[in-house]
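**Q** Next up is a structure, given as structure tokens.
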Amino acid sequence: MTSGPYNYSYIFKYIIIGDMGVGKSCLLHQFTDKKFMADCPHTIGVEFGTRIIEVAGQKIKLQIWDTAGQERFRAVTRSYYRGAAGALMVYDITRRSTYNHLSSWLTDTRNLTNPSTVIFLIGNKSDLDGQRDVTYEEAKQFADENGLMFVEASAKTGQNVEEAFLETAKKIYQSIQDGRLDLNAAESGVQHKPASPGRPLATPPASRDNCTC
Amino acid sequence: MPSSDSENFESADEGQDHIKKNVRRKRISSSNYSTDTSEAEPVCDQVLSNSSRDTNIEKEKQSDGWDDFDIEITTENEKHPNAKVLSIKDASSVAKKDIDSIGTGWDDVGDWGQVEIVDKIKKDEVPKSLPKPEDQSNCDISEVTEKLAAASTKSGWGWGWGVDSLISSASAGITTITSQVSQGISNVLETSIGAPEPEELARKNIKEETNKEVLSDKVSELERNDKKTEQSSSAESTFPFGNLLSGVTKFVESTGTKVIAGGLDTLETIGKKTMEVLQDGDPGLAKKRAMLGLDSGDKPVLSQILREAKAKAEEEDMIREEKKEAKEVHYENLFDDFEGLVHLEALEMLSKQVNMRIEERMRSIEPEKKQDLKETLQQVAELCEIPEDEEDDDETPDDTSKPEAFHEKLQTATQDLGLKLQFQPLVKQYTDVLEWLSGDEQVGEKAVYKRAVSSLAQATALSVEIYHKTAEMLLVKPRRSTADEADALTQMTVVLTKHVSDLATAFTVKLNSIAADNKQQINEYATNIFLESGNSSTYIQNAFQLALPILQIGAV
């Protein structure tokens, strides 16, 4: 829970995806709390984190959806991609299988998000270089081929964690500036708040109306 | 009160028109409001209807013969529209044109100015005899006296420059006037040409004038004053209208005398045109002057402005503070902060997704089985109807605490759900709230209210999270038992809605226990708390309804 200043101009929705145990929740905690959680429990469905950052003088609230990596939740988590402005796709540099599954994650992301969604590839656990199973070059090539941004990061040391989240936000913000990302589109993953005093845009009445049961 | 007449004439013969203008305005306003006239000029003009303004001018005409000259000036001014073209910056051209206007001014005096003035004076002899409100004249006179005295000081210099050394120092003079007008009448003279502060001289003048009872005595006095000011202006007094002064005095002594040197007009024209020129270059000047209070004689205007600005800023601060405060106790914001909103959003996404799957199944199914499917869905929905009058009056046993009882009820309600739900955050929050409420610490009603709204928002957010988690886990649950699940979730909803209402009650009890003088405020808070608890119940029931398709899909 993040209480505090409501004076941000944008809300960006992020989604963190990737195999179980690659460190998605730890990356999130490192980013929001600047702490490393050694024994992070398995995520059920989706958990959330928020942080307000600043890009080009604009305060942006990142609403981060940290999905469960367990295969059994795959169907559930697929429901959550929609409307993500940024997708952080994580693999574990010490486990090749997590890297091999990237194309599947990428397919989901492409299918379930919109074309303007910024996809950032993170090779986590860069602190465990001795146990490296995937080279930087290989992953970099994969990223380049698929037009992804890429860094190797460590949720444990915090290395490149900030960068990954912030660079994604900058890219999204740039898309807004360039007009590539339509703020009015229902699933842009970006909410613009013209006035600083913050009332959440997705107001409960709207939620009720959408209830089709 | 000294008679203002001699003052007027002293000023008149030296023709500082912009001062006079101010004086006149001031009188208009003061005679209307009988108050301190720090009002802005434009305001006066707007407030006064034309007719009333005319009346005022008429009245002033009655009290002195002064305004007549001004009327003349106006006419003359219209005859020299070219003066308006002048720009302040172009000092040399200003000088030239001023010379022109002086020349014509003289001509005018010779040709017609004098005659006209004399005519006016004749006309004015009639109203002069009319009675006139004493208080108004007193008020006017005192202010006018002061103003004109100030004017006269400057006019000494004005002469020196205006006529004598005009050609040599014209550009410098214009600059001086410019800065004089924009920076303020009082001190610029002093700084630019080393003349004594006009106000000081004005005060001296007033003092001197006060001593004079007889008008004729003033002739010499005025001349002395004149000399003094001219000396101080460091301009050699080669006063070409030397006899004008005595002429004016004579006019005062016997209004019938037709000895008026027309130089007055010229001087007024110069002054007036200068003012126009200056105002042309700075359209906001009149406004600025009014704002700075230069037009009224009194000083405290700047500090007054600052004081008002400070008061305004403080007021804005207060409003901002209140807004911030309001935001702090804003239920929706708090609900968002406790992640209630995002859980609700996620639950909604799941709900939609599952609903689509149900509809898909409905389309793909054989027509004869379609009705069965519909019935099944309907049955599940009916199971999820919240019993209307389930008033569980089971009182909490004495040996268990309220949070424990709450936890127990939640577990009992959901035991057939087949999931391991996390109620600890909700129970812990309840514990914390009760602890806070039973604390001996003296808390104000506002603190209780804030805590109440925050607690309700948090309890609701945690409840919504439970529905969201339940939905997620039900969707990955290997074996479904829809009837049990539906029943469990219905019971859980009852427990949770009761919980938020219990929370609200606990807070209002605390509120009412506060011995406050502001009973109305307390009632208002209590009402709001119950309102938000109703809001909370709605959120919880909505979350439950969103979970319905997840229950339904387990049955089809």
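Naming scheme: A, B, ... for chains in displayed order of the structure tokens; residues 1 onward per chain; ligands 1 onward as shown.
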Could you pull the residues within 9 Å of Leu128 of chain A, counting only C-alpha atoms, minus those fewer than 6 positions along the same chain, as an NGL selection string?

**A** :A and (93-94 or 154)

**Q** Considering only strand (DSSP E) as DSSP defines it on the backbone, what residues of chain A qualify? List them as an mmCIF file with C-alpha atoms, in the first residue's frame.

**A**
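Result went into states_24.cif, see below:
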data_model
loop_
_atom_site.group_PDB
_atom_site.id
_atom_site.type_symbol
_atom_site.label_atom_id
_atom_site.label_comp_id
_atom_site.auth_asym_id
_atom_site.auth_seq_id
_atom_site.Cartn_x
_atom_site.Cartn_y
_atom_site.Cartn_z
ATOM 1 C CA TYR A 10 -0.405 9.913 -15.420
ATOM 2 C CA ILE A 11 -1.002 6.347 -14.334
ATOM 3 C CA PHE A 12 0.889 3.689 -16.276
ATOM 4 C CA LYS A 13 -0.105 0.100 -15.934
ATOM 5 C CA TYR A 14 2.789 -2.358 -15.959
ATOM 6 C CA ILE A 15 2.585 -6.084 -15.992
ATOM 7 C CA ILE A 16 5.446 -8.341 -14.928
ATOM 8 C CA ILE A 17 5.473 -11.748 -16.561
ATOM 9 C CA GLY A 18 7.775 -14.713 -16.791
ATOM 10 C CA VAL A 46 -1.617 -11.220 -9.257
ATOM 11 C CA GLU A 47 -0.202 -8.868 -6.664
ATOM 12 C CA PHE A 48 0.235 -5.152 -6.937
ATOM 13 C CA GLY A 49 2.821 -2.513 -6.354
ATOM 14 C CA THR A 50 2.837 1.210 -6.975
ATOM 15 C CA ARG A 51 5.420 3.907 -7.122
ATOM 16 C CA ILE A 52 5.326 7.462 -8.308
ATOM 17 C CA ILE A 53 8.188 8.382 -10.577
ATOM 18 C CA GLU A 54 9.049 11.438 -12.585
ATOM 19 C CA VAL A 55 9.623 11.548 -16.316
ATOM 20 C CA GLN A 58 5.805 14.783 -15.071
ATOM 21 C CA LYS A 59 4.797 12.759 -12.082
ATOM 22 C CA ILE A 60 3.694 9.315 -13.122
ATOM 23 C CA LYS A 61 2.133 6.686 -10.952
ATOM 24 C CA LEU A 62 3.225 3.218 -11.926
ATOM 25 C CA GLN A 63 0.572 0.661 -11.151
ATOM 26 C CA ILE A 64 2.447 -2.605 -11.395
ATOM 27 C CA TRP A 65 0.689 -5.932 -11.779
ATOM 28 C CA ASP A 66 2.988 -8.692 -10.629
ATOM 29 C CA THR A 67 1.599 -11.920 -12.019
ATOM 30 C CA GLY A 86 4.447 -1.664 -20.200
ATOM 31 C CA ALA A 87 5.304 -5.338 -19.942
ATOM 32 C CA LEU A 88 8.385 -6.466 -18.072
ATOM 33 C CA MET A 89 9.277 -9.905 -19.325
ATOM 34 C CA VAL A 90 11.620 -11.622 -16.910
ATOM 35 C CA TYR A 91 13.846 -14.663 -17.196
ATOM 36 C CA ASP A 92 16.516 -16.073 -14.923
ATOM 37 C CA VAL A 118 6.439 -1.286 -24.378
ATOM 38 C CA ILE A 119 8.031 -4.660 -23.740
ATOM 39 C CA PHE A 120 11.176 -4.708 -21.650
ATOM 40 C CA LEU A 121 13.203 -7.888 -21.321
ATOM 41 C CA ILE A 122 14.965 -8.388 -17.993
ATOM 42 C CA GLY A 123 17.567 -11.051 -17.388
ATOM 43 C CA ASN A 124 17.343 -11.309 -13.606
ATOM 44 C CA MET A 149 14.408 -3.222 -24.645
ATOM 45 C CA PHE A 150 16.799 -5.265 -22.578
ATOM 46 C CA VAL A 151 18.962 -5.235 -19.471
ATOM 47 C CA GLU A 152 20.403 -7.765 -17.122
ATOM 48 C CA VAL A 190 -2.297 5.007 -19.530
ATOM 49 C CA GLN A 191 -4.620 7.202 -17.615
ATOM 50 C CA HIS A 192 -4.138 10.886 -17.863
#

**Q** Taking the backbone alone, and naming residues the way the document does, which bits of segment 29-83 of chain A are alpha helix (DSSP H) by DSSP, as a PDB file with N, CA, C and O atoms, in the first residue's frame?

**A**
ATOM      1  N   HIS A  29       9.541  -5.677  -5.537  1.00  0.00           N
ATOM      2  CA  HIS A  29       9.837  -5.188  -4.188  1.00  0.00           C
ATOM      3  C   HIS A  29      11.091  -4.330  -4.158  1.00  0.00           C
ATOM      4  O   HIS A  29      11.150  -3.333  -3.446  1.00  0.00           O
ATOM      5  N   GLN A  30      12.065  -4.754  -4.951  1.00  0.00           N
ATOM      6  CA  GLN A  30      13.278  -3.943  -5.019  1.00  0.00           C
ATOM      7  C   GLN A  30      12.950  -2.554  -5.563  1.00  0.00           C
ATOM      8  O   GLN A  30      13.470  -1.547  -5.075  1.00  0.00           O
ATOM      9  N   PHE A  31      12.061  -2.520  -6.535  1.00  0.00           N
ATOM     10  CA  PHE A  31      11.718  -1.236  -7.137  1.00  0.00           C
ATOM     11  C   PHE A  31      10.848  -0.381  -6.212  1.00  0.00           C
ATOM     12  O   PHE A  31      11.078   0.826  -6.097  1.00  0.00           O
ATOM     13  N   THR A  32       9.871  -1.001  -5.548  1.00  0.00           N
ATOM     14  CA  THR A  32       8.957  -0.185  -4.746  1.00  0.00           C
ATOM     15  C   THR A  32       9.493   0.074  -3.339  1.00  0.00           C
ATOM     16  O   THR A  32       9.283   1.152  -2.792  1.00  0.00           O
ATOM     17  N   ASP A  33      10.168  -0.914  -2.760  1.00  0.00           N
ATOM     18  CA  ASP A  33      10.610  -0.761  -1.377  1.00  0.00           C
ATOM     19  C   ASP A  33      12.124  -0.656  -1.236  1.00  0.00           C
ATOM     20  O   ASP A  33      12.624  -0.476  -0.129  1.00  0.00           O
ATOM     21  N   ARG A  74      -1.749 -19.592 -15.370  1.00  0.00           N
ATOM     22  CA  ARG A  74      -1.555 -18.967 -16.680  1.00  0.00           C
ATOM     23  C   ARG A  74      -2.862 -18.406 -17.245  1.00  0.00           C
ATOM     24  O   ARG A  74      -2.908 -17.285 -17.742  1.00  0.00           O
ATOM     25  N   ALA A  75      -3.919 -19.176 -17.133  1.00  0.00           N
ATOM     26  CA  ALA A  75      -5.209 -18.727 -17.682  1.00  0.00           C
ATOM     27  C   ALA A  75      -5.721 -17.489 -16.944  1.00  0.00           C
ATOM     28  O   ALA A  75      -6.273 -16.567 -17.550  1.00  0.00           O
ATOM     29  N   VAL A  76      -5.492 -17.516 -15.628  1.00  0.00           N
ATOM     30  CA  VAL A  76      -5.932 -16.364 -14.833  1.00  0.00           C
ATOM     31  C   VAL A  76      -5.123 -15.122 -15.195  1.00  0.00           C
ATOM     32  O   VAL A  76      -5.676 -14.055 -15.455  1.00  0.00           O
ATOM     33  N   THR A  77      -3.810 -15.285 -15.227  1.00  0.00           N
ATOM     34  CA  THR A  77      -2.974 -14.106 -15.465  1.00  0.00           C
ATOM     35  C   THR A  77      -3.150 -13.549 -16.873  1.00  0.00           C
ATOM     36  O   THR A  77      -2.944 -12.357 -17.096  1.00  0.00           O
ATOM     37  N   ARG A  78      -3.539 -14.394 -17.793  1.00  0.00           N
ATOM     38  CA  ARG A  78      -3.792 -13.892 -19.153  1.00  0.00           C
ATOM     39  C   ARG A  78      -4.904 -12.844 -19.158  1.00  0.00           C
ATOM     40  O   ARG A  78      -4.948 -12.000 -20.045  1.00  0.00           O
TER      41      ARG A  78
END

**Q** At most 9 Å is the cut-off: for each residue in chain B with any atom that close to an atom of chain A, write down the nearest atom pair and the distance in Å rounded to one decimal, counting only C-alpha atoms, chain first then increasing number, as a Markdown table.

**A**
| residue | atom | partner | partner_atom | distance |
| --- | --- | --- | --- | --- |
| B:Lys324 | CA | A:Pro197 | CA | 8.9 |
| B:Lys327 | CA | A:Pro197 | CA | 8.2 |
| B:Glu328 | CA | A:Gly4 | CA | 8.9 |
| B:His330 | CA | A:Arg199 | CA | 8.9 |
| B:Glu332 | CA | A:Arg199 | CA | 7.0 |
| B:Asn333 | CA | A:Arg199 | CA | 6.1 |
| B:Leu334 | CA | A:Ser3 | CA | 7.6 |
| B:Asp336 | CA | A:Pro200 | CA | 7.1 |
| B:Asp337 | CA | A:Ser3 | CA | 5.2 |
| B:Phe338 | CA | A:Met1 | CA | 5.2 |
| B:Glu339 | CA | A:Met1 | CA | 6.3 |
| B:Leu341 | CA | A:Pro204 | CA | 7.7 |
| B:Val342 | CA | A:Phe48 | CA | 7.8 |
| B:His343 | CA | A:Phe48 | CA | 8.4 |
| B:Leu344 | CA | A:Ser207 | CA | 7.9 |
| B:Glu345 | CA | A:Ser207 | CA | 7.3 |
| B:Ala346 | CA | A:Tyr80 | CA | 6.8 |
| B:Glu348 | CA | A:Ser207 | CA | 7.1 |
| B:Met349 | CA | A:Ser79 | CA | 6.2 |
| B:Leu350 | CA | A:Ser79 | CA | 5.9 |
| B:Ser351 | CA | A:Cys211 | CA | 7.9 |
| B:Lys352 | CA | A:Thr212 | CA | 7.4 |
| B:Gln353 | CA | A:Ser79 | CA | 6.5 |
| B:Asn355 | CA | A:Cys213 | CA | 7.6 |
| B:Ala381 | CA | A:Cys213 | CA | 8.9 |
| B:His468 | CA | A:Gly45 | CA | 8.9 |
| B:Lys469 | CA | A:Gly45 | CA | 7.2 |
| B:Glu472 | CA | A:Gly45 | CA | 5.8 |
| B:Met473 | CA | A:Ile44 | CA | 7.6 |
| B:Leu475 | CA | A:Val76 | CA | 7.3 |
| B:Val476 | CA | A:Arg72 | CA | 6.3 |
| B:Tyr539 | CA | A:Pro204 | CA | 7.7 |
| B:Asn542 | CA | A:Arg208 | CA | 6.8 |
| B:Gln545 | CA | A:Cys213 | CA | 7.1 |
| B:Leu546 | CA | A:Cys211 | CA | 6.5 |
| B:Leu548 | CA | A:Cys213 | CA | 7.1 |
| B:Pro549 | CA | A:Cys213 | CA | 6.7 |

**Q** Any idea what the distance is between atom CA of Phe36 of chain A and atom CA of Glu163 of chain A?

**A**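 For atom CA of Phe36 of chain A relative to atom CA of Glu163 of chain A, the distance reads 16.4 Å.
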